[in-house]
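Colleague: Here's a structure for you.
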Amino acid sequence: MSTAVPGTPCWTDLATPELEAAKRFYPELFGWTGQVSPQPEAGGYTIFLKDGRSVAGAGPPATPDQVPIWSTYVATDDADLAATRVEAAGGTVLVAPFDVFDQGRMAVLADPAGAVFSVWQPMAMAGAELFNVPGAMTWNELVSPDPEGAKVFYELVFGWHPEDQPMGDITYTGWRCGARIVAGMMPPLGDGYPADLPAYWSVYFAVADADATAARAAELGGTILVPPRDIPTGRTAALRDPHGALFSITALTP
């Protein structure tokens, strides 16, 4: 088993009340195949595979009123300690650490501005087996109205060091973990996003062609929230699936 480096996003999954519909939409969009967990307690949790390697998951919501959401999981070597640090830094433990069969130990957490994320302490499953290629997760980004507060919080929880750079009219923050920039942060832009959203983590999937993938998502019943546009790392778009889950796509610059 490969080991997920602590402090790096290692997995993403979708919580949705429309699991069967999601298992049709995303394979059509990204070329995924689905592998349903055999345990009855898993509630039909499905691992999505690209070229036979795990890239993401989908399962039922934790509570009946949970909105459909893609979650970012950050690797840790101690989920219980991470939860303790979140509380000490002013965040919230939404779901206390628990074991997911023999796969790993996780917790669902929120930062002080309301952005929900999870931590994953690997056991049998390290996380995704494929990154940064079409159909796989390529980036994770916090959209927060309180960037300064987030800088303090995530450094306390994960040891991330913020590195700011101008991007047009805004300041974009890269989160450095050791030698790598592992995630990013930006303020809300409006641009079609719901005005009442709290801070949130956005998941980006790599695609070969952002324009074609956005158009295909719309054909399949999704919504284009932010049309494809060029940024320094490639061409990107923000989308919503037919049942409301937000996600983004990026055609990476070679």
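Letters A, B, ... go to the chains of the structure tokens in the order shown; residues in each chain start at 1; ligands are counted from 1 in the same order.
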Can you pull out the residues contacting A:Pro145? Cut-off 8 Å, using only C-alpha atoms, and skip same-chain residues under 6 positions away; I want them as a VMD selection string.
Modeller: chain A and resid 113 187 to 188 199
Colleague: List as an MDAnalysis selection string the protein and nucleic acid residues near A:Val119, meaning an atom at most 6 Å away when only C-alpha atoms are counted, but skip any in the same chain fewer than 2 places from it.
Modeller: chainID A and resid 73:75 106:107
Colleague: Tell me, as a PyMOL selection string, which residues lie within 10 Å of A:Ala82, counting only C-alpha atoms; anything in the same chain fewer than 2 positions away does not count.
Modeller: chain A and resi 75-80+84-88+93+97+106-107+109+118-121+156-158
Colleague: Mind giving me the straight-line distance from atom CA of A:Trp139 to atom CA of A:Asp99 in Å, one decimal?
Modeller: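 That distance, rounded to one decimal, is 26.0 Å.
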Colleague: Hey, which bits of stretch 128-213 of chain A sit within 9 Å of stretch 42-58 of chain A, and for each residue what's the closest pair of atoms and how far apart in Å (one decimal), counting only C-alpha atoms, rows by chain and increasing number, as a tab-separated table?
Modeller:
```
residue	atom	partner	partner_atom	distance
A:Ala128	CA	A:Val55	CA	4.9
A:Glu129	CA	A:Ser54	CA	5.3
A:Leu130	CA	A:Val55	CA	5.8
A:Phe131	CA	A:Val55	CA	7.3
A:Pro134	CA	A:Lys50	CA	8.8
A:Gly135	CA	A:Lys50	CA	6.5
A:Ala136	CA	A:Val55	CA	5.4
A:Met137	CA	A:Val55	CA	6.8
```
Colleague: Just list as a PyMOL selection string whatever in stretch 76-218 of chain A DSSP marks as alpha helix (DSSP H).
Modeller: chain A and resi 79-88+147-158+210-218
Colleague: Would you put the residues from that selection into a file with N, CA and C atoms, as a short mmCIF file (atom, residue, chain, number, x, y, z; two decimals), in the first residue's frame?
Modeller:
```
data_model
loop_
_atom_site.label_atom_id
_atom_site.label_comp_id
_atom_site.auth_asym_id
_atom_site.auth_seq_id
_atom_site.Cartn_x
_atom_site.Cartn_y
_atom_site.Cartn_z
N ALA A 79 -6.09 10.69 13.32
CA ALA A 79 -7.36 11.39 13.14
C ALA A 79 -7.86 11.99 14.45
N ASP A 80 -7.63 11.31 15.56
CA ASP A 80 -8.09 11.82 16.85
C ASP A 80 -7.36 13.10 17.23
N LEU A 81 -6.05 13.12 16.99
CA LEU A 81 -5.28 14.32 17.28
C LEU A 81 -5.70 15.47 16.37
N ALA A 82 -5.97 15.18 15.10
CA ALA A 82 -6.42 16.22 14.18
C ALA A 82 -7.74 16.83 14.66
N ALA A 83 -8.66 15.99 15.13
CA ALA A 83 -9.94 16.50 15.64
C ALA A 83 -9.73 17.38 16.87
N THR A 84 -8.82 16.98 17.73
CA THR A 84 -8.51 17.78 18.92
C THR A 84 -7.95 19.14 18.51
N ARG A 85 -7.08 19.14 17.51
CA ARG A 85 -6.49 20.40 17.05
C ARG A 85 -7.54 21.31 16.42
N VAL A 86 -8.47 20.72 15.71
CA VAL A 86 -9.55 21.52 15.09
C VAL A 86 -10.34 22.25 16.17
N GLU A 87 -10.73 21.55 17.23
CA GLU A 87 -11.48 22.19 18.31
C GLU A 87 -10.65 23.26 18.99
N ALA A 88 -9.38 22.97 19.23
CA ALA A 88 -8.51 23.94 19.90
C ALA A 88 -8.32 25.20 19.07
N PRO A 147 -10.02 34.82 4.81
CA PRO A 147 -8.72 34.22 4.50
C PRO A 147 -7.72 34.31 5.64
N GLU A 148 -7.71 35.43 6.35
CA GLU A 148 -6.72 35.59 7.42
C GLU A 148 -6.99 34.61 8.56
N GLY A 149 -8.26 34.43 8.91
CA GLY A 149 -8.59 33.44 9.93
C GLY A 149 -8.25 32.03 9.48
N ALA A 150 -8.48 31.74 8.20
CA ALA A 150 -8.18 30.40 7.67
C ALA A 150 -6.68 30.13 7.73
N LYS A 151 -5.86 31.14 7.47
CA LYS A 151 -4.40 30.95 7.51
C LYS A 151 -3.95 30.49 8.90
N VAL A 152 -4.51 31.10 9.93
CA VAL A 152 -4.16 30.71 11.29
C VAL A 152 -4.67 29.30 11.59
N PHE A 153 -5.92 29.04 11.22
CA PHE A 153 -6.55 27.75 11.55
C PHE A 153 -5.81 26.58 10.91
N TYR A 154 -5.58 26.63 9.59
CA TYR A 154 -5.01 25.46 8.91
C TYR A 154 -3.53 25.26 9.23
N GLU A 155 -2.85 26.34 9.63
CA GLU A 155 -1.48 26.14 10.10
C GLU A 155 -1.46 25.40 11.43
N LEU A 156 -2.41 25.75 12.32
CA LEU A 156 -2.49 25.05 13.60
C LEU A 156 -2.89 23.59 13.44
N VAL A 157 -3.80 23.31 12.49
CA VAL A 157 -4.32 21.95 12.35
C VAL A 157 -3.36 21.05 11.55
N PHE A 158 -2.87 21.55 10.41
CA PHE A 158 -2.08 20.72 9.50
C PHE A 158 -0.63 21.17 9.34
N ALA A 210 -11.82 21.14 -21.17
CA ALA A 210 -12.76 21.75 -20.22
C ALA A 210 -14.06 22.15 -20.90
N ASP A 211 -13.97 22.69 -22.13
CA ASP A 211 -15.18 23.13 -22.82
C ASP A 211 -16.09 21.96 -23.14
N ALA A 212 -15.51 20.88 -23.65
CA ALA A 212 -16.30 19.72 -24.01
C ALA A 212 -16.90 19.05 -22.78
N THR A 213 -16.14 19.00 -21.69
CA THR A 213 -16.65 18.36 -20.47
C THR A 213 -17.77 19.19 -19.86
N ALA A 214 -17.62 20.52 -19.84
CA ALA A 214 -18.69 21.37 -19.32
C ALA A 214 -19.96 21.21 -20.14
N ALA A 215 -19.81 21.19 -21.47
CA ALA A 215 -20.97 21.01 -22.33
C ALA A 215 -21.63 19.66 -22.09
N ARG A 216 -20.82 18.62 -21.89
CA ARG A 216 -21.35 17.29 -21.64
C ARG A 216 -22.09 17.24 -20.30
N ALA A 217 -21.54 17.93 -19.29
CA ALA A 217 -22.22 17.97 -17.99
C ALA A 217 -23.61 18.58 -18.13
N ALA A 218 -23.71 19.65 -18.92
CA ALA A 218 -25.01 20.29 -19.14
C ALA A 218 -25.96 19.35 -19.88
#
```
Colleague: Considering only C-alpha atoms, tabulate each residue of stretch 20-138 of chain A that lies at most 8 Å from stretch 230-244 of chain A along with its nearest interatomic pair and the corresponding distance in Å to one decimal; arrange the rows by chain and ascending residue number and present them as CSV.
Modeller:
```
residue,atom,partner,partner_atom,distance
A:Phe25,CA,A:Asp241,CA,7.9
A:Val67,CA,A:Gly244,CA,7.6
A:Pro68,CA,A:Gly244,CA,6.0
A:Ile69,CA,A:Gly244,CA,7.8
```
Colleague: Now that the selection is made, can you save its residues with C-alpha atoms as a compact mmCIF listing (two decimals), in the first residue's frame?
Modeller:
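What ended up in out-v8.txt:
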```txt
# COMPACT_ATOMS: atom_id res chain seq x y z
CA PHE A 25 -23.87 10.93 -14.20
CA VAL A 67 -27.09 18.85 0.93
CA PRO A 68 -25.23 16.94 -1.82
CA ILE A 69 -21.53 17.74 -1.42
```
Colleague: To one decimal place, how far is atom CA of A:Leu189 from atom CA of A:Val143 in Å?
Modeller: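 Value for the atom CA of A:Leu189-atom CA of A:Val143 distance: 8.9 Å.
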Colleague: What residues in stretch 76-249 of chain A get the DSSP label strand (DSSP E or B)? Please answer as an NGL selection string.
Modeller: :A and (92-100 or 104-110 or 116-122 or 137-143 or 161-167 or 170-177 or 180-186 or 200-206 or 223-231 or 234-240 or 246-249)
Colleague: One decimal, in Å: what's the spacing between atom CA of A:Glu18 and atom CA of A:Ala208?
Modeller: 26.9 Å
Colleague: Quick one: residues within 6 Å of A:Gly184, only C-alpha atoms, excluding same-chain residues fewer than 6 positions away - as a count of residues only?
Modeller: 4
Colleague: Choose the residue, out of A:Val182, A:Ser37, A:Pro198, A:Asp169, that has the smallest atom-to-atom separation from A:Val5; count only C-alpha atoms.
Modeller: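 Nearest candidate to A:Val5 out of A:Val182, A:Ser37, A:Pro198, A:Asp169: A:Val182.
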Colleague: Quick one: everything within 8 Å of A:Trp201, counting only C-alpha atoms, minus sequence neighbours fewer than 3 positions away in the same chain. Send it as a list in words.
Modeller: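 The neighbour list is Ser71, Thr72, Ala115, Val116, Phe117, Asn140, Glu141, Leu142 and Val143 of chain A.
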Colleague: Write the selection just made, keeping N, CA and C atoms, as a PDB file, in the first residue's frame?
Modeller:
```pdb
ATOM      1  N   SER A  71     -16.584  16.141  -0.816  1.00  0.00           N
ATOM      2  CA  SER A  71     -15.737  16.412   0.346  1.00  0.00           C
ATOM      3  C   SER A  71     -14.264  16.219   0.018  1.00  0.00           C
ATOM      4  N   THR A  72     -13.440  17.083   0.609  1.00  0.00           N
ATOM      5  CA  THR A  72     -11.985  16.948   0.550  1.00  0.00           C
ATOM      6  C   THR A  72     -11.515  16.224   1.810  1.00  0.00           C
ATOM      7  N   ALA A 115     -16.365  25.958   6.582  1.00  0.00           N
ATOM      8  CA  ALA A 115     -15.936  25.045   5.520  1.00  0.00           C
ATOM      9  C   ALA A 115     -15.748  23.644   6.083  1.00  0.00           C
ATOM     10  N   VAL A 116     -16.453  22.686   5.491  1.00  0.00           N
ATOM     11  CA  VAL A 116     -16.417  21.299   5.962  1.00  0.00           C
ATOM     12  C   VAL A 116     -15.342  20.528   5.204  1.00  0.00           C
ATOM     13  N   PHE A 117     -14.591  19.726   5.928  1.00  0.00           N
ATOM     14  CA  PHE A 117     -13.574  18.849   5.321  1.00  0.00           C
ATOM     15  C   PHE A 117     -13.455  17.616   6.203  1.00  0.00           C
ATOM     16  N   ASN A 140      -7.522  20.993  -4.782  1.00  0.00           N
ATOM     17  CA  ASN A 140      -8.512  21.229  -3.732  1.00  0.00           C
ATOM     18  C   ASN A 140      -8.351  22.676  -3.294  1.00  0.00           C
ATOM     19  N   GLU A 141      -9.471  23.383  -3.187  1.00  0.00           N
ATOM     20  CA  GLU A 141      -9.408  24.825  -2.991  1.00  0.00           C
ATOM     21  C   GLU A 141     -10.454  25.280  -1.982  1.00  0.00           C
ATOM     22  N   LEU A 142     -10.001  26.017  -0.990  1.00  0.00           N
ATOM     23  CA  LEU A 142     -10.892  26.609  -0.008  1.00  0.00           C
ATOM     24  C   LEU A 142     -11.360  27.967  -0.518  1.00  0.00           C
ATOM     25  N   VAL A 143     -12.674  28.162  -0.541  1.00  0.00           N
ATOM     26  CA  VAL A 143     -13.255  29.464  -0.854  1.00  0.00           C
ATOM     27  C   VAL A 143     -13.779  30.016   0.465  1.00  0.00           C
TER      28      VAL A 143
END
```
Colleague: Taking only C-alpha atoms into account, which of A:Gly221, A:Pro17, A:Pro162, A:Pro227 comes nearest A:Gln66?
Modeller: A:Pro17
